[in-house]
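File shown: structure-v3.txt. Contents: compact mmCIF, C-alpha atoms.
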# COMPACT_ATOMS: atom_id res chain seq x y z
CA MET A 1 -16.11 -17.50 -16.69
CA ASP A 2 -15.41 -19.35 -13.46
CA LYS A 3 -11.81 -18.41 -12.78
CA MET A 4 -10.08 -15.11 -13.32
CA LYS A 5 -7.36 -14.89 -15.96
CA LEU A 6 -4.98 -12.01 -15.37
CA MET A 7 -2.32 -10.30 -17.46
CA LEU A 8 0.57 -8.45 -15.84
CA VAL A 9 2.31 -5.85 -18.03
CA ASP A 10 5.55 -4.23 -16.90
CA ASP A 11 8.83 -3.49 -18.66
CA GLU A 12 10.87 -4.35 -15.54
CA GLU A 13 11.53 -8.07 -16.05
CA ARG A 14 12.53 -8.81 -12.45
CA TYR A 15 9.37 -7.17 -11.06
CA LEU A 16 7.25 -8.87 -13.70
CA LEU A 17 8.55 -12.38 -12.98
CA THR A 18 8.50 -12.02 -9.19
CA THR A 19 4.99 -10.56 -9.10
CA ALA A 20 3.63 -13.13 -11.57
CA LYS A 21 5.09 -15.94 -9.44
CA LEU A 22 3.42 -14.57 -6.29
CA ILE A 23 0.08 -14.18 -8.07
CA LYS A 24 0.27 -17.74 -9.42
CA LYS A 25 0.82 -18.96 -5.84
CA LYS A 26 -2.64 -17.51 -5.12
CA GLY A 27 -4.10 -19.87 -7.72
CA ILE A 28 -4.62 -17.27 -10.43
CA ALA A 29 -3.73 -17.88 -14.08
CA VAL A 30 -1.24 -15.19 -15.15
CA VAL A 31 0.06 -14.16 -18.55
CA THR A 32 2.96 -11.68 -18.63
CA ALA A 33 3.99 -9.03 -21.15
CA GLN A 34 6.97 -6.68 -21.12
CA SER A 35 5.42 -4.00 -23.33
CA GLY A 36 2.10 -2.57 -24.41
CA ALA A 37 2.54 -3.99 -27.90
CA GLN A 38 3.25 -7.46 -26.53
CA ALA A 39 0.19 -7.20 -24.26
CA LEU A 40 -2.03 -6.42 -27.26
CA ASP A 41 -0.59 -9.38 -29.17
CA LEU A 42 -1.26 -11.70 -26.22
CA LEU A 43 -4.82 -10.40 -25.79
CA LYS A 44 -5.52 -11.70 -29.30
CA ILE A 45 -4.84 -15.28 -28.23
CA HIS A 46 -5.68 -15.35 -24.50
CA ASP A 47 -9.07 -14.79 -22.89
CA ILE A 48 -7.92 -12.26 -20.29
CA HIS A 49 -10.35 -10.74 -17.78
CA VAL A 50 -8.11 -8.26 -15.92
CA VAL A 51 -4.90 -6.47 -16.95
CA ILE A 52 -2.51 -5.00 -14.37
CA LEU A 53 -0.74 -2.37 -16.46
CA ASP A 54 2.35 -0.32 -15.66
CA ILE A 55 1.97 3.33 -16.70
CA LYS A 56 5.61 4.13 -17.40
CA MET A 57 7.02 1.93 -20.13
CA PRO A 58 9.22 2.73 -23.12
CA GLY A 59 7.51 2.81 -26.51
CA MET A 60 3.80 2.28 -25.98
CA ASP A 61 3.15 3.63 -22.47
CA GLY A 62 0.29 2.63 -20.19
CA PHE A 63 -2.09 5.30 -21.51
CA LYS A 64 -1.69 4.26 -25.14
CA THR A 65 -2.00 0.61 -24.15
CA LEU A 66 -5.13 1.34 -22.09
CA GLN A 67 -6.72 3.17 -25.02
CA ALA A 68 -5.95 0.26 -27.35
CA ILE A 69 -7.30 -2.32 -24.89
CA LYS A 70 -10.52 -0.38 -24.35
CA THR A 71 -10.95 0.03 -28.12
CA LEU A 72 -10.17 -3.57 -29.09
CA TYR A 73 -11.28 -5.45 -25.96
CA PRO A 74 -13.83 -3.26 -24.11
CA PRO A 75 -14.84 -5.87 -21.48
CA VAL A 76 -11.25 -6.27 -20.24
CA GLU A 77 -10.79 -4.46 -16.93
CA VAL A 78 -7.52 -2.55 -16.52
CA ILE A 79 -5.80 -1.65 -13.26
CA PHE A 80 -2.94 0.84 -13.50
CA LEU A 81 0.30 0.09 -11.70
CA THR A 82 2.01 3.31 -10.71
CA GLY A 83 4.88 4.75 -8.71
CA HIS A 84 4.58 7.82 -6.48
CA ALA A 85 5.87 10.07 -9.26
CA THR A 86 2.98 9.11 -11.53
CA MET A 87 0.13 9.28 -9.00
CA ASP A 88 -1.63 12.05 -10.94
CA SER A 89 -1.31 9.92 -14.06
CA ALA A 90 -3.04 7.01 -12.32
CA ILE A 91 -5.96 9.21 -11.38
CA GLU A 92 -6.09 10.55 -14.92
CA GLY A 93 -6.10 6.94 -16.14
CA LEU A 94 -9.35 6.33 -14.26
CA GLN A 95 -10.94 8.98 -16.47
CA PHE A 96 -9.80 7.05 -19.56
CA GLY A 97 -11.26 3.71 -18.54
CA ALA A 98 -8.96 2.12 -15.96
CA CYS A 99 -11.08 0.69 -13.16
CA ASP A 100 -8.50 1.18 -10.39
CA TYR A 101 -4.82 1.63 -9.64
CA VAL A 102 -2.22 0.25 -7.25
CA MET A 103 0.92 1.93 -6.03
CA LYS A 104 4.30 0.37 -6.75
CA PRO A 105 5.75 -1.47 -4.93
CA ALA A 106 2.33 -3.00 -4.39
CA ASP A 107 1.47 -5.54 -1.75
CA ILE A 108 0.56 -8.79 -3.52
CA ASP A 109 -2.67 -9.12 -1.54
CA ASP A 110 -3.67 -5.60 -2.60
CA ILE A 111 -3.04 -6.48 -6.26
CA VAL A 112 -5.03 -9.72 -5.94
CA ASN A 113 -7.94 -8.06 -4.10
CA LYS A 114 -8.22 -5.27 -6.66
CA ALA A 115 -7.99 -7.82 -9.47
CA TYR A 116 -10.86 -9.82 -7.97
CA GLU A 117 -12.91 -6.63 -7.59
CA ALA A 118 -12.31 -5.85 -11.27
CA PHE A 119 -13.15 -9.44 -12.21
CA GLU A 120 -16.41 -9.22 -10.27
CA LYS A 121 -17.26 -5.97 -12.11
CA ARG A 122 -16.64 -7.71 -15.43
CA ARG A 123 -18.77 -10.72 -14.41
CA ARG A 124 -21.67 -8.45 -13.47
CA LEU A 125 -21.41 -6.69 -16.82
CA ASP A 126 -21.27 -10.00 -18.70
CA HIS A 127 -24.36 -11.23 -16.86
CA LYS A 128 -26.17 -7.98 -17.52
CA ILE A 129 -25.33 -8.13 -21.22
CA ARG A 130 -26.55 -11.71 -21.41
CA GLY A 131 -29.73 -10.80 -19.53
CA LEU A 132 -28.99 -13.19 -16.68
CA SER A 133 -30.10 -12.55 -13.13
CA SER A 134 -27.44 -11.29 -10.76
CA GLY A 135 -28.14 -13.71 -7.91
CA SER A 136 -25.53 -16.03 -6.50
CA GLU A 137 -24.01 -16.45 -9.96
CA THR A 138 -21.97 -13.28 -9.44
CA ASN A 139 -19.98 -14.67 -6.53
CA VAL A 140 -16.32 -14.81 -7.47
CA HIS A 141 -14.59 -18.17 -7.27
CA ARG A 142 -11.34 -17.77 -5.35
CA ASP A 143 -8.75 -20.47 -5.01
CA THR A 144 -7.05 -18.82 -2.06

As structure tokens, what does this structure read like?
Amino acid sequence: MDKMKLMLVDDEERYLLTTAKLIKKKGIAVVTAQSGAQALDLLKIHDIHVVILDIKMPGMDGFKTLQAIKTLYPPVEVIFLTGHATMDSAIEGLQFGACDYVMKPADIDDIVNKAYEAFEKRRRLDHKIRGLSSGSETNVHRDT
């Protein structure tokens, strides 16, 4: 697990495409999904480390998607993407397994930094599970 693989989930296509493009410019592999159901389908075929997940989406909202991800893919770290109106929801999401949240519209560097923090958390857990030492192996490889 040398490089982070990220999934961005948002029902707003314009935001999704623009944000994914900016993240890719930072050298990060990005998979996009426009719904919770699509995200779950893509998680079956892609080895994703971190999911940036919008809370408010039609159909399967961020909470239902988070619960499904944590049930089916427990090591995947999830960061909630939230607007001001759903700030309490983002905090509540932390109680249900999200590792962090970012406010929309989020600064791309803030998204990337939080994603790397989540990736580092996942790497530490993977190393712990495998019984490896946590020396220099836990340093995150950034292409920025």

query = Which polymer residues have any atom within 8 Å of an atom of Val9 of chain A, counting all atoms listed in the file, with same-chain residues fewer than 4 positions away left out, as a PyMOL selection string?
reply = chain A and resi 16+32-36+39+51-54

Include C-alpha atoms and write out the residues we just selected as an mmCIF file, in the frame of the given file.
data_model
loop_
_atom_site.group_PDB
_atom_site.id
_atom_site.type_symbol
_atom_site.label_atom_id
_atom_site.label_comp_id
_atom_site.auth_asym_id
_atom_site.auth_seq_id
_atom_site.Cartn_x
_atom_site.Cartn_y
_atom_site.Cartn_z
ATOM 1 C CA LEU A 16 7.250 -8.870 -13.700
ATOM 2 C CA THR A 32 2.960 -11.680 -18.630
ATOM 3 C CA ALA A 33 3.990 -9.030 -21.150
ATOM 4 C CA GLN A 34 6.970 -6.680 -21.120
ATOM 5 C CA SER A 35 5.420 -4.000 -23.330
ATOM 6 C CA GLY A 36 2.100 -2.570 -24.410
ATOM 7 C CA ALA A 39 0.190 -7.200 -24.260
ATOM 8 C CA VAL A 51 -4.900 -6.470 -16.950
ATOM 9 C CA ILE A 52 -2.510 -5.000 -14.370
ATOM 10 C CA LEU A 53 -0.740 -2.370 -16.460
ATOM 11 C CA ASP A 54 2.350 -0.320 -15.660
#

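Between atom CA of Ile55 of chain A and atom CA of Ala106 of chain A the interatomic distance comes to 13.8 Å.
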
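Picture a line from atom CA of Gly93 of chain A to atom CA of Glu13 of chain A; it runs 23.2 Å.
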
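Between atom CA of Thr82 of chain A and atom CA of Asp100 of chain A the separation is 10.7 Å.
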
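Compared by their closest atoms to Leu42 of chain A, and using only C-alpha atoms, the residues A:Val78, A:Met57, A:Met4, A:Ile69 rank with A:Ile69 nearest.
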
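Minimum atom-to-atom distances from A:Leu43, A:Ile79, A:Ala37, A:Ala29 to Lys64 of chain A were compared using all atoms listed in the file, and the lowest value belongs to A:Ala37.
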
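Using only C-alpha atoms, the nearest neighbour of His46 of chain A within the list A:Pro74, A:Met60, A:Lys5, A:Asp10 is A:Lys5.
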
task = Tell me which protein, DNA and RNA residues are within 10 Å of segment 18-27 of chain A, counting only C-alpha atoms, leaving out same-chain ones fewer than 5 positions away, and put them as a PyMOL selection string.
result = chain A and resi 3-4+6-9+13+32+106-109+111-112+142-144

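Among the candidate residues A:Gly83, A:Pro105, A:Pro75, A:Gly97, the one lying nearest to Ile129 of chain A is A:Pro75, with distances computed using only C-alpha atoms.
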
query = Using only C-alpha atoms, which residues sit within 9 Å of Val76 of chain A once same-chain residues fewer than 3 positions away are excluded, as a list in words?
reply = Ile48, His49, Val50, Val51, Ile69, Lys70, Tyr73, Phe119 and Arg122 of chain A

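Residues in contact range of Glu92 of chain A, defined as at most 12 Å between all atoms listed in the file, with sequence neighbours fewer than 4 positions away removed, read A:Ile55, A:Gly62, A:Phe63, A:Leu66, A:Phe80, A:Thr82, A:Thr86, A:Met87, A:Asp88, A:Phe96, A:Gly97, A:Ala98, A:Cys99, A:Asp100, A:Tyr101.
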
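Residue nearest Asp11 of chain A, chosen from A:Lys104, A:Gly59, A:Lys44, A:Leu94 and counting only C-alpha atoms: A:Gly59.
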
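Closest to Ser89 of chain A among A:Glu12, A:Asp110, A:Asp2, A:Asp61 is A:Asp61, based on only C-alpha atoms.
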
Quick one: 8 Å padding each side, axis-aligned, all listed atoms of segment 9-18 of chain A - centre and edge lengths in Å to one decimal, as AutoDock Vina command-line options?
--center_x 7.4 --center_y -7.9 --center_z -13.9 --size_x 26.2 --size_y 24.9 --size_z 25.5
